[in-house]
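As stored in run-v3.csv (CSV, N, CA and C atoms):
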```csv
chain,number,residue,atom,x,y,z
A,1,MET,N,125.1,-126.3,60.9
A,1,MET,CA,123.9,-125.7,61.1
A,1,MET,C,123.6,-124.5,60.2
A,2,SER,N,122.6,-124.7,59.5
A,2,SER,CA,122.3,-123.6,58.6
A,2,SER,C,121.0,-122.9,59.1
A,3,GLU,N,121.1,-121.6,59.1
A,3,GLU,CA,120.0,-120.9,59.6
A,3,GLU,C,119.1,-120.5,58.4
A,4,ASN,N,117.8,-120.5,58.7
A,4,ASN,CA,116.9,-120.2,57.6
A,4,ASN,C,116.5,-118.8,57.7
A,5,HIS,N,117.0,-118.0,56.8
A,5,HIS,CA,116.7,-116.6,56.7
A,5,HIS,C,115.6,-116.4,55.6
A,6,GLU,N,114.5,-116.0,56.1
A,6,GLU,CA,113.4,-115.8,55.1
A,6,GLU,C,113.4,-114.3,54.7
A,7,GLN,N,113.2,-114.2,53.4
A,7,GLN,CA,113.1,-112.8,52.8
A,7,GLN,C,111.6,-112.4,53.1
A,8,PRO,N,111.5,-111.1,53.5
A,8,PRO,CA,110.1,-110.6,53.6
A,8,PRO,C,109.4,-110.7,52.3
A,9,SER,N,108.2,-111.3,52.4
A,9,SER,CA,107.5,-111.6,51.1
A,9,SER,C,106.9,-110.3,50.6
A,10,ALA,N,107.0,-110.1,49.3
A,10,ALA,CA,106.4,-109.0,48.6
A,10,ALA,C,104.9,-109.1,48.5
A,11,PRO,N,104.2,-108.0,48.5
A,11,PRO,CA,102.8,-108.1,48.4
A,11,PRO,C,102.3,-108.8,47.1
A,12,SER,N,101.3,-109.5,47.2
A,12,SER,CA,100.8,-110.2,46.0
A,12,SER,C,100.2,-109.2,45.0
A,13,LEU,N,100.1,-109.6,43.8
A,13,LEU,CA,99.6,-108.7,42.7
A,13,LEU,C,98.1,-108.3,43.1
A,14,GLU,N,97.4,-109.2,43.7
A,14,GLU,CA,96.0,-108.9,44.1
A,14,GLU,C,96.0,-107.8,45.1
A,15,ALA,N,96.9,-107.9,46.1
A,15,ALA,CA,96.9,-106.8,47.1
A,15,ALA,C,97.3,-105.5,46.5
A,16,LEU,N,98.3,-105.5,45.6
A,16,LEU,CA,98.7,-104.3,44.9
A,16,LEU,C,97.6,-103.7,44.1
A,17,GLU,N,96.8,-104.5,43.4
A,17,GLU,CA,95.7,-104.1,42.6
A,17,GLU,C,94.6,-103.5,43.5
A,18,ASN,N,94.4,-104.1,44.7
A,18,ASN,CA,93.4,-103.6,45.6
A,18,ASN,C,93.8,-102.2,46.1
A,19,ILE,N,95.1,-102.1,46.5
A,19,ILE,CA,95.6,-100.7,46.9
A,19,ILE,C,95.4,-99.7,45.8
A,20,ARG,N,95.7,-100.1,44.6
A,20,ARG,CA,95.6,-99.2,43.5
A,20,ARG,C,94.2,-98.7,43.3
A,21,ILE,N,93.2,-99.6,43.4
A,21,ILE,CA,91.8,-99.2,43.3
A,21,ILE,C,91.4,-98.3,44.5
A,22,TRP,N,91.8,-98.6,45.7
A,22,TRP,CA,91.5,-97.7,46.8
A,22,TRP,C,92.1,-96.3,46.6
A,23,SER,N,93.4,-96.3,46.1
A,23,SER,CA,94.1,-95.0,45.9
A,23,SER,C,93.4,-94.2,44.8
A,24,ARG,N,93.0,-94.8,43.8
A,24,ARG,CA,92.3,-94.1,42.7
A,24,ARG,C,90.9,-93.6,43.2
A,25,CYS,N,90.2,-94.4,44.0
A,25,CYS,CA,88.9,-93.9,44.5
A,25,CYS,C,89.1,-92.7,45.4
A,26,THR,N,90.2,-92.7,46.2
A,26,THR,CA,90.5,-91.6,47.1
A,26,THR,C,90.8,-90.4,46.3
A,27,PHE,N,91.6,-90.5,45.2
A,27,PHE,CA,91.8,-89.3,44.4
A,27,PHE,C,90.6,-88.8,43.7
A,28,LEU,N,89.8,-89.7,43.2
A,28,LEU,CA,88.5,-89.3,42.5
A,28,LEU,C,87.6,-88.6,43.5
A,29,SER,N,87.5,-89.1,44.7
A,29,SER,CA,86.7,-88.5,45.7
A,29,SER,C,87.2,-87.1,46.0
A,30,LEU,N,88.5,-86.9,46.1
A,30,LEU,CA,89.1,-85.6,46.4
A,30,LEU,C,88.8,-84.6,45.3
A,31,VAL,N,89.0,-85.1,44.0
A,31,VAL,CA,88.8,-84.2,42.9
A,31,VAL,C,87.3,-83.8,42.8
A,32,LEU,N,86.4,-84.7,43.0
A,32,LEU,CA,84.9,-84.4,43.0
A,32,LEU,C,84.6,-83.4,44.1
A,33,ALA,N,85.1,-83.6,45.3
A,33,ALA,CA,84.8,-82.7,46.4
A,33,ALA,C,85.4,-81.3,46.2
A,34,PHE,N,86.6,-81.3,45.7
A,34,PHE,CA,87.3,-80.0,45.4
A,34,PHE,C,86.5,-79.3,44.3
A,35,GLY,N,86.0,-80.0,43.3
A,35,GLY,CA,85.2,-79.4,42.3
A,35,GLY,C,83.9,-78.8,42.8
A,36,MET,N,83.3,-79.5,43.7
A,36,MET,CA,82.0,-79.0,44.3
A,36,MET,C,82.2,-77.7,45.1
A,37,THR,N,83.4,-77.4,45.5
A,37,THR,CA,83.6,-76.2,46.3
A,37,THR,C,83.5,-74.9,45.4
A,38,ASN,N,83.5,-75.1,44.1
A,38,ASN,CA,83.3,-73.9,43.2
A,38,ASN,C,81.9,-73.4,43.2
A,39,PHE,N,81.0,-74.2,43.6
A,39,PHE,CA,79.5,-73.8,43.6
A,39,PHE,C,79.1,-73.5,45.0
A,40,PRO,N,78.7,-72.2,45.2
A,40,PRO,CA,78.3,-71.8,46.5
A,40,PRO,C,76.9,-72.5,46.9
A,41,GLY,N,76.7,-72.6,48.2
A,41,GLY,CA,75.5,-73.2,48.6
A,41,GLY,C,75.4,-74.7,48.5
A,42,TRP,N,74.7,-75.2,47.5
A,42,TRP,CA,74.5,-76.6,47.3
A,42,TRP,C,75.8,-77.3,47.0
A,43,GLY,N,76.7,-76.7,46.3
A,43,GLY,CA,78.0,-77.3,46.0
A,43,GLY,C,78.8,-77.6,47.3
A,44,ASN,N,78.8,-76.6,48.2
A,44,ASN,CA,79.5,-76.8,49.5
A,44,ASN,C,78.8,-77.9,50.3
A,45,ALA,N,77.4,-77.9,50.2
A,45,ALA,CA,76.7,-78.9,51.0
A,45,ALA,C,77.0,-80.3,50.5
A,46,LEU,N,77.3,-80.5,49.2
A,46,LEU,CA,77.7,-81.8,48.6
A,46,LEU,C,79.2,-82.1,48.9
A,47,ALA,N,79.9,-81.0,49.0
A,47,ALA,CA,81.4,-81.2,49.2
A,47,ALA,C,81.7,-81.8,50.6
A,48,LEU,N,81.0,-81.4,51.6
A,48,LEU,CA,81.3,-81.8,52.9
A,48,LEU,C,81.2,-83.3,53.1
A,49,PRO,N,80.1,-84.0,52.6
A,49,PRO,CA,80.2,-85.5,52.7
A,49,PRO,C,81.2,-86.1,51.8
A,50,LEU,N,81.5,-85.5,50.7
A,50,LEU,CA,82.6,-86.0,49.8
A,50,LEU,C,84.0,-85.9,50.5
A,51,PHE,N,84.2,-84.8,51.2
A,51,PHE,CA,85.4,-84.7,51.9
A,51,PHE,C,85.5,-85.7,53.0
A,52,ALA,N,84.4,-86.0,53.7
A,52,ALA,CA,84.4,-87.0,54.7
A,52,ALA,C,84.7,-88.4,54.1
A,53,LEU,N,84.1,-88.7,52.9
A,53,LEU,CA,84.4,-89.9,52.2
A,53,LEU,C,85.9,-90.0,51.8
A,54,THR,N,86.4,-88.8,51.4
A,54,THR,CA,87.8,-88.8,51.0
A,54,THR,C,88.7,-89.1,52.1
A,55,ILE,N,88.4,-88.6,53.3
A,55,ILE,CA,89.2,-88.8,54.5
A,55,ILE,C,89.2,-90.3,54.9
A,56,GLY,N,88.0,-90.9,54.8
A,56,GLY,CA,87.9,-92.3,55.1
A,56,GLY,C,88.6,-93.2,54.1
A,57,LEU,N,88.5,-92.9,52.9
A,57,LEU,CA,89.2,-93.6,51.8
A,57,LEU,C,90.7,-93.5,52.0
A,58,ALA,N,91.2,-92.3,52.3
A,58,ALA,CA,92.6,-92.1,52.4
A,58,ALA,C,93.2,-92.8,53.6
A,59,ILE,N,92.4,-92.8,54.7
A,59,ILE,CA,92.9,-93.5,55.9
A,59,ILE,C,93.0,-95.0,55.6
A,60,THR,N,91.9,-95.5,55.0
A,60,THR,CA,91.9,-97.0,54.7
A,60,THR,C,93.0,-97.3,53.7
A,61,THR,N,93.2,-96.5,52.7
A,61,THR,CA,94.3,-96.7,51.8
A,61,THR,C,95.7,-96.7,52.5
A,62,MET,N,95.8,-95.7,53.4
A,62,MET,CA,97.1,-95.6,54.1
A,62,MET,C,97.4,-96.9,54.9
A,63,VAL,N,96.4,-97.4,55.6
A,63,VAL,CA,96.5,-98.6,56.4
A,63,VAL,C,96.9,-99.8,55.5
A,64,LYS,N,96.3,-99.9,54.3
A,64,LYS,CA,96.6,-101.0,53.4
A,64,LYS,C,98.0,-100.8,52.9
A,65,MET,N,98.5,-99.6,52.6
A,65,MET,CA,99.8,-99.3,52.2
A,65,MET,C,100.8,-99.7,53.3
A,66,LEU,N,100.5,-99.3,54.5
A,66,LEU,CA,101.5,-99.7,55.6
A,66,LEU,C,101.6,-101.2,55.7
A,67,LYS,N,100.5,-101.9,55.6
A,67,LYS,CA,100.6,-103.4,55.7
A,67,LYS,C,101.4,-104.0,54.6
A,68,ALA,N,101.3,-103.4,53.4
A,68,ALA,CA,102.0,-103.9,52.3
A,68,ALA,C,103.4,-103.3,52.2
A,69,LYS,N,103.8,-102.5,53.2
A,69,LYS,CA,105.1,-101.9,53.2
A,69,LYS,C,105.5,-101.1,52.0
A,70,PHE,N,104.5,-100.2,51.7
A,70,PHE,CA,104.7,-99.3,50.6
A,70,PHE,C,105.8,-98.3,50.9
A,71,PRO,N,106.4,-97.6,50.0
A,71,PRO,CA,107.4,-96.5,50.3
A,71,PRO,C,106.7,-95.4,51.1
A,72,PHE,N,107.6,-94.7,51.9
A,72,PHE,CA,107.1,-93.7,52.8
A,72,PHE,C,106.4,-92.6,52.0
A,73,PHE,N,106.9,-92.3,50.8
A,73,PHE,CA,106.3,-91.2,50.0
A,73,PHE,C,104.8,-91.5,49.8
A,74,SER,N,104.4,-92.7,49.4
A,74,SER,CA,103.0,-93.0,49.2
A,74,SER,C,102.2,-92.8,50.4
A,75,VAL,N,102.7,-93.2,51.5
A,75,VAL,CA,101.9,-93.0,52.8
A,75,VAL,C,101.8,-91.6,53.1
A,76,LEU,N,102.9,-90.8,52.9
A,76,LEU,CA,102.9,-89.4,53.1
A,76,LEU,C,101.9,-88.7,52.2
A,77,LEU,N,101.7,-89.1,51.0
A,77,LEU,CA,100.8,-88.6,50.1
A,77,LEU,C,99.3,-88.7,50.7
A,78,MET,N,99.1,-89.9,51.2
A,78,MET,CA,97.7,-90.1,51.8
A,78,MET,C,97.5,-89.2,53.0
A,79,VAL,N,98.6,-89.0,53.8
A,79,VAL,CA,98.5,-88.1,55.0
A,79,VAL,C,98.2,-86.7,54.5
A,80,MET,N,98.8,-86.3,53.4
A,80,MET,CA,98.6,-84.9,52.9
A,80,MET,C,97.1,-84.8,52.4
A,81,ILE,N,96.6,-85.9,51.8
A,81,ILE,CA,95.2,-85.8,51.3
A,81,ILE,C,94.3,-85.7,52.5
A,82,VAL,N,94.5,-86.4,53.6
A,82,VAL,CA,93.7,-86.3,54.8
A,82,VAL,C,93.7,-84.8,55.3
A,83,VAL,N,94.9,-84.3,55.4
A,83,VAL,CA,95.0,-82.9,56.0
A,83,VAL,C,94.4,-81.9,55.0
A,84,TRP,N,94.6,-82.0,53.7
A,84,TRP,CA,94.0,-81.1,52.7
A,84,TRP,C,92.5,-81.2,52.8
A,85,SER,N,92.0,-82.4,52.9
A,85,SER,CA,90.5,-82.6,52.9
A,85,SER,C,90.0,-82.0,54.2
A,86,LEU,N,90.7,-82.1,55.3
A,86,LEU,CA,90.2,-81.5,56.6
A,86,LEU,C,90.1,-79.9,56.4
A,87,PHE,N,91.1,-79.3,55.8
A,87,PHE,CA,91.1,-77.9,55.7
A,87,PHE,C,90.0,-77.4,54.7
A,88,LEU,N,89.9,-78.2,53.6
A,88,LEU,CA,88.9,-77.8,52.6
A,88,LEU,C,87.5,-78.0,53.1
A,89,SER,N,87.3,-79.0,53.9
A,89,SER,CA,86.0,-79.2,54.5
A,89,SER,C,85.7,-78.1,55.5
A,90,LEU,N,86.7,-77.7,56.3
A,90,LEU,CA,86.5,-76.5,57.2
A,90,LEU,C,86.1,-75.3,56.4
A,91,SER,N,86.7,-75.1,55.2
A,91,SER,CA,86.4,-73.9,54.4
A,91,SER,C,84.9,-74.1,53.9
A,92,SER,N,84.5,-75.2,53.4
A,92,SER,CA,83.2,-75.4,53.0
A,92,SER,C,82.2,-75.2,54.1
A,93,GLY,N,82.5,-75.7,55.3
A,93,GLY,CA,81.6,-75.5,56.4
A,93,GLY,C,81.4,-74.0,56.8
A,94,VAL,N,82.5,-73.3,56.7
A,94,VAL,CA,82.4,-71.8,57.0
A,94,VAL,C,81.6,-71.1,55.9
A,95,GLN,N,81.7,-71.5,54.7
A,95,GLN,CA,80.9,-71.0,53.6
A,95,GLN,C,79.4,-71.3,53.8
A,96,LEU,N,79.1,-72.5,54.3
A,96,LEU,CA,77.7,-72.8,54.6
A,96,LEU,C,77.2,-72.1,55.8
A,97,LEU,N,78.0,-71.9,56.8
A,97,LEU,CA,77.5,-71.2,58.0
A,97,LEU,C,77.4,-69.7,57.8
A,98,PHE,N,78.2,-69.1,56.9
A,98,PHE,CA,78.2,-67.7,56.6
A,98,PHE,C,78.1,-67.4,55.1
A,99,PRO,N,77.0,-67.7,54.5
A,99,PRO,CA,76.9,-67.6,53.1
A,99,PRO,C,77.0,-66.1,52.6
A,100,GLU,N,76.4,-65.2,53.3
A,100,GLU,CA,76.4,-63.8,52.8
A,100,GLU,C,77.8,-63.2,52.8
A,101,THR,N,78.5,-63.5,53.9
A,101,THR,CA,79.9,-63.0,54.1
A,101,THR,C,80.8,-63.7,53.0
A,102,ALA,N,80.6,-65.0,52.8
A,102,ALA,CA,81.4,-65.7,51.8
A,102,ALA,C,81.1,-65.2,50.4
A,103,GLY,N,79.8,-64.9,50.1
A,103,GLY,CA,79.5,-64.3,48.8
A,103,GLY,C,80.1,-62.9,48.6
A,104,ASN,N,80.0,-62.1,49.6
A,104,ASN,CA,80.7,-60.8,49.6
A,104,ASN,C,82.2,-60.9,49.3
A,105,TYR,N,82.8,-61.8,50.0
A,105,TYR,CA,84.2,-62.0,49.9
A,105,TYR,C,84.6,-62.4,48.4
A,106,ALA,N,83.8,-63.4,47.9
A,106,ALA,CA,84.0,-63.8,46.5
A,106,ALA,C,83.9,-62.7,45.5
A,107,THR,N,82.9,-61.9,45.7
A,107,THR,CA,82.6,-60.7,44.8
A,107,THR,C,83.8,-59.7,45.0
A,108,CYS,N,84.2,-59.5,46.2
A,108,CYS,CA,85.3,-58.5,46.4
A,108,CYS,C,86.6,-59.0,45.8
A,109,LEU,N,86.9,-60.3,45.9
A,109,LEU,CA,88.1,-60.9,45.3
A,109,LEU,C,88.1,-60.8,43.8
A,110,GLU,N,86.9,-61.0,43.2
A,110,GLU,CA,86.8,-60.9,41.7
A,110,GLU,C,87.1,-59.5,41.2
A,111,GLN,N,86.8,-58.5,42.0
A,111,GLN,CA,87.0,-57.1,41.7
A,111,GLN,C,88.4,-56.6,42.1
A,112,ALA,N,89.1,-57.3,42.9
A,112,ALA,CA,90.4,-56.9,43.4
A,112,ALA,C,91.5,-57.0,42.4
A,113,LEU,N,92.2,-55.9,42.1
A,113,LEU,CA,93.2,-55.9,41.1
A,113,LEU,C,94.6,-55.9,41.7
A,114,THR,N,94.7,-55.6,43.0
A,114,THR,CA,96.0,-55.5,43.7
A,114,THR,C,96.0,-56.4,44.9
A,115,ILE,N,97.2,-56.7,45.4
A,115,ILE,CA,97.4,-57.5,46.6
A,115,ILE,C,96.8,-56.8,47.8
A,116,ALA,N,97.0,-55.5,47.8
A,116,ALA,CA,96.4,-54.7,48.9
A,116,ALA,C,94.9,-54.8,49.0
A,117,ARG,N,94.3,-54.8,47.8
A,117,ARG,CA,92.8,-54.9,47.7
A,117,ARG,C,92.4,-56.2,48.2
A,118,SER,N,93.1,-57.3,47.8
A,118,SER,CA,92.7,-58.6,48.2
A,118,SER,C,92.9,-58.8,49.7
A,119,ASP,N,93.9,-58.2,50.3
A,119,ASP,CA,94.1,-58.2,51.7
A,119,ASP,C,92.9,-57.5,52.4
A,120,GLN,N,92.5,-56.4,51.8
A,120,GLN,CA,91.3,-55.7,52.3
A,120,GLN,C,90.1,-56.5,52.3
A,121,CYS,N,89.9,-57.3,51.2
A,121,CYS,CA,88.8,-58.2,51.1
A,121,CYS,C,88.8,-59.3,52.3
A,122,THR,N,90.0,-59.8,52.5
A,122,THR,CA,90.2,-60.8,53.6
A,122,THR,C,89.8,-60.2,54.9
A,123,GLU,N,90.3,-58.9,55.1
A,123,GLU,CA,90.0,-58.3,56.4
A,123,GLU,C,88.5,-58.0,56.6
A,124,GLN,N,87.8,-57.6,55.5
A,124,GLN,CA,86.4,-57.4,55.5
A,124,GLN,C,85.6,-58.7,55.8
A,125,MET,N,86.1,-59.8,55.2
A,125,MET,CA,85.5,-61.1,55.5
A,125,MET,C,85.6,-61.5,57.0
A,126,SER,N,86.8,-61.3,57.5
A,126,SER,CA,87.1,-61.7,58.9
A,126,SER,C,86.2,-60.8,59.8
A,127,GLU,N,86.1,-59.5,59.5
A,127,GLU,CA,85.2,-58.7,60.3
A,127,GLU,C,83.8,-59.1,60.2
A,128,GLY,N,83.3,-59.4,59.0
A,128,GLY,CA,82.0,-59.9,58.8
A,128,GLY,C,81.6,-61.1,59.6
A,129,ILE,N,82.5,-62.1,59.5
A,129,ILE,CA,82.3,-63.4,60.3
A,129,ILE,C,82.3,-63.1,61.8
A,130,PHE,N,83.2,-62.3,62.2
A,130,PHE,CA,83.3,-62.0,63.6
A,130,PHE,C,82.1,-61.3,64.1
A,131,SER,N,81.5,-60.3,63.3
A,131,SER,CA,80.3,-59.6,63.7
A,131,SER,C,79.1,-60.5,63.7
A,132,GLN,N,79.1,-61.5,62.8
A,132,GLN,CA,78.0,-62.4,62.8
A,132,GLN,C,78.0,-63.4,64.0
A,133,ILE,N,79.2,-63.8,64.4
A,133,ILE,CA,79.4,-64.7,65.5
A,133,ILE,C,79.0,-63.9,66.8
A,134,MET,N,79.4,-62.7,66.9
A,134,MET,CA,79.1,-61.9,68.1
A,134,MET,C,77.7,-61.3,68.2
A,135,GLY,N,76.9,-61.7,67.1
A,135,GLY,CA,75.5,-61.3,67.2
A,135,GLY,C,75.2,-60.0,66.5
A,136,GLY,N,76.1,-59.5,65.7
A,136,GLY,CA,75.8,-58.3,64.9
A,136,GLY,C,75.1,-58.6,63.7
A,137,ASN,N,75.2,-57.6,62.7
A,137,ASN,CA,74.5,-57.8,61.4
A,137,ASN,C,75.1,-58.9,60.7
```

Could you render the structure as structure tokens?
Amino acid sequence: MSENHEQPSAPSLEALENIRIWSRCTFLSLVLAFGMTNFPGWGNALALPLFALTIGLAITTMVKMLKAKFPFFSVLLMVMIVVWSLFLSLSSGVQLLFPETAGNYATCLEQALTIARSDQCTEQMSEGIFSQIMGGN
């Protein structure tokens, strides 16, 4: 009696090419969204949908990688892209909701020459956002 031990089949070249295209689109979307965050106002408004697109592409790519049994590192990289995109979209959203405070913070950081001064800028930004949330100026 011989038993038939089948080797797990490797993904086809077509499947690998498909995953490569999805992966490159994910990275391109991330780079474009990250680049848009440098422009206040309209740049952040464009960055938010790009970050949402990046998250969708990364999750789709991750699922395709899991089905093709890619190495853990590749899947972990897509997870990191999703998390990074979530944090950057949160940052863009805060800058859209509080444009004056974000502008003051950017100006303060440009003029800060020491770590203590940059910490003071961060504290001023936090106080500014808190006062706007609480109904102050």

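Coordinates place atom N of A:Phe130 at a distance of 19.1 Å from atom CA of A:Leu88.
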
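Here atom CA of A:Asn44 and atom CA of A:Pro99 stand 10.2 Å from one another.
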
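Contact shell of A:Ile81 at 8 Å (only N, CA and C atoms; same-chain neighbours under 4 positions omitted): Leu30, Thr54, Ile55, Ala58, Ile59, Val75, Leu76, Leu77, Ser85, Leu86 and Phe87 of chain A.
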
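For the pair atom N of A:Ser23 and atom C of A:Ala10, the separation is 17.4 Å.
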
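For A:Thr107, the residues within 12 Å (counting only C-alpha atoms, excluding itself and residues fewer than 5 positions away along the chain) are Glu100, Thr101, Ala102, Ala112, Ser118, Cys121, Thr122, Gln124 and Met125 of chain A.
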
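With only C-alpha atoms taken into account, the protein and nucleic acid residues at most 10 Å from A:Phe51 (excluding it and anything under 5 positions from it in its own chain) are Thr26, Ser29, Leu30, Val31, Leu32, Ala33, Phe34, Leu46, Gly56, Leu57, Ile81, Val82, Trp84, Ser85, Leu86, Phe87, Leu88, Ser89, Leu90 and Ser92 of chain A.
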
Take the selection from the previous step and output its residues with N, CA and C atoms, as a PDB file, in the coordinates of the input.
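This is the output file selection05.pdb:
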```pdb
ATOM      1  N   THR A  26      90.200 -92.700  46.200  1.00  0.00           N
ATOM      2  CA  THR A  26      90.500 -91.600  47.100  1.00  0.00           C
ATOM      3  C   THR A  26      90.800 -90.400  46.300  1.00  0.00           C
ATOM      4  N   SER A  29      87.500 -89.100  44.700  1.00  0.00           N
ATOM      5  CA  SER A  29      86.700 -88.500  45.700  1.00  0.00           C
ATOM      6  C   SER A  29      87.200 -87.100  46.000  1.00  0.00           C
ATOM      7  N   LEU A  30      88.500 -86.900  46.100  1.00  0.00           N
ATOM      8  CA  LEU A  30      89.100 -85.600  46.400  1.00  0.00           C
ATOM      9  C   LEU A  30      88.800 -84.600  45.300  1.00  0.00           C
ATOM     10  N   VAL A  31      89.000 -85.100  44.000  1.00  0.00           N
ATOM     11  CA  VAL A  31      88.800 -84.200  42.900  1.00  0.00           C
ATOM     12  C   VAL A  31      87.300 -83.800  42.800  1.00  0.00           C
ATOM     13  N   LEU A  32      86.400 -84.700  43.000  1.00  0.00           N
ATOM     14  CA  LEU A  32      84.900 -84.400  43.000  1.00  0.00           C
ATOM     15  C   LEU A  32      84.600 -83.400  44.100  1.00  0.00           C
ATOM     16  N   ALA A  33      85.100 -83.600  45.300  1.00  0.00           N
ATOM     17  CA  ALA A  33      84.800 -82.700  46.400  1.00  0.00           C
ATOM     18  C   ALA A  33      85.400 -81.300  46.200  1.00  0.00           C
ATOM     19  N   PHE A  34      86.600 -81.300  45.700  1.00  0.00           N
ATOM     20  CA  PHE A  34      87.300 -80.000  45.400  1.00  0.00           C
ATOM     21  C   PHE A  34      86.500 -79.300  44.300  1.00  0.00           C
ATOM     22  N   LEU A  46      77.300 -80.500  49.200  1.00  0.00           N
ATOM     23  CA  LEU A  46      77.700 -81.800  48.600  1.00  0.00           C
ATOM     24  C   LEU A  46      79.200 -82.100  48.900  1.00  0.00           C
ATOM     25  N   GLY A  56      88.000 -90.900  54.800  1.00  0.00           N
ATOM     26  CA  GLY A  56      87.900 -92.300  55.100  1.00  0.00           C
ATOM     27  C   GLY A  56      88.600 -93.200  54.100  1.00  0.00           C
ATOM     28  N   LEU A  57      88.500 -92.900  52.900  1.00  0.00           N
ATOM     29  CA  LEU A  57      89.200 -93.600  51.800  1.00  0.00           C
ATOM     30  C   LEU A  57      90.700 -93.500  52.000  1.00  0.00           C
ATOM     31  N   ILE A  81      96.600 -85.900  51.800  1.00  0.00           N
ATOM     32  CA  ILE A  81      95.200 -85.800  51.300  1.00  0.00           C
ATOM     33  C   ILE A  81      94.300 -85.700  52.500  1.00  0.00           C
ATOM     34  N   VAL A  82      94.500 -86.400  53.600  1.00  0.00           N
ATOM     35  CA  VAL A  82      93.700 -86.300  54.800  1.00  0.00           C
ATOM     36  C   VAL A  82      93.700 -84.800  55.300  1.00  0.00           C
ATOM     37  N   TRP A  84      94.600 -82.000  53.700  1.00  0.00           N
ATOM     38  CA  TRP A  84      94.000 -81.100  52.700  1.00  0.00           C
ATOM     39  C   TRP A  84      92.500 -81.200  52.800  1.00  0.00           C
ATOM     40  N   SER A  85      92.000 -82.400  52.900  1.00  0.00           N
ATOM     41  CA  SER A  85      90.500 -82.600  52.900  1.00  0.00           C
ATOM     42  C   SER A  85      90.000 -82.000  54.200  1.00  0.00           C
ATOM     43  N   LEU A  86      90.700 -82.100  55.300  1.00  0.00           N
ATOM     44  CA  LEU A  86      90.200 -81.500  56.600  1.00  0.00           C
ATOM     45  C   LEU A  86      90.100 -79.900  56.400  1.00  0.00           C
ATOM     46  N   PHE A  87      91.100 -79.300  55.800  1.00  0.00           N
ATOM     47  CA  PHE A  87      91.100 -77.900  55.700  1.00  0.00           C
ATOM     48  C   PHE A  87      90.000 -77.400  54.700  1.00  0.00           C
ATOM     49  N   LEU A  88      89.900 -78.200  53.600  1.00  0.00           N
ATOM     50  CA  LEU A  88      88.900 -77.800  52.600  1.00  0.00           C
ATOM     51  C   LEU A  88      87.500 -78.000  53.100  1.00  0.00           C
ATOM     52  N   SER A  89      87.300 -79.000  53.900  1.00  0.00           N
ATOM     53  CA  SER A  89      86.000 -79.200  54.500  1.00  0.00           C
ATOM     54  C   SER A  89      85.700 -78.100  55.500  1.00  0.00           C
ATOM     55  N   LEU A  90      86.700 -77.700  56.300  1.00  0.00           N
ATOM     56  CA  LEU A  90      86.500 -76.500  57.200  1.00  0.00           C
ATOM     57  C   LEU A  90      86.100 -75.300  56.400  1.00  0.00           C
ATOM     58  N   SER A  92      84.500 -75.200  53.400  1.00  0.00           N
ATOM     59  CA  SER A  92      83.200 -75.400  53.000  1.00  0.00           C
ATOM     60  C   SER A  92      82.200 -75.200  54.100  1.00  0.00           C
TER      61      SER A  92
END
```
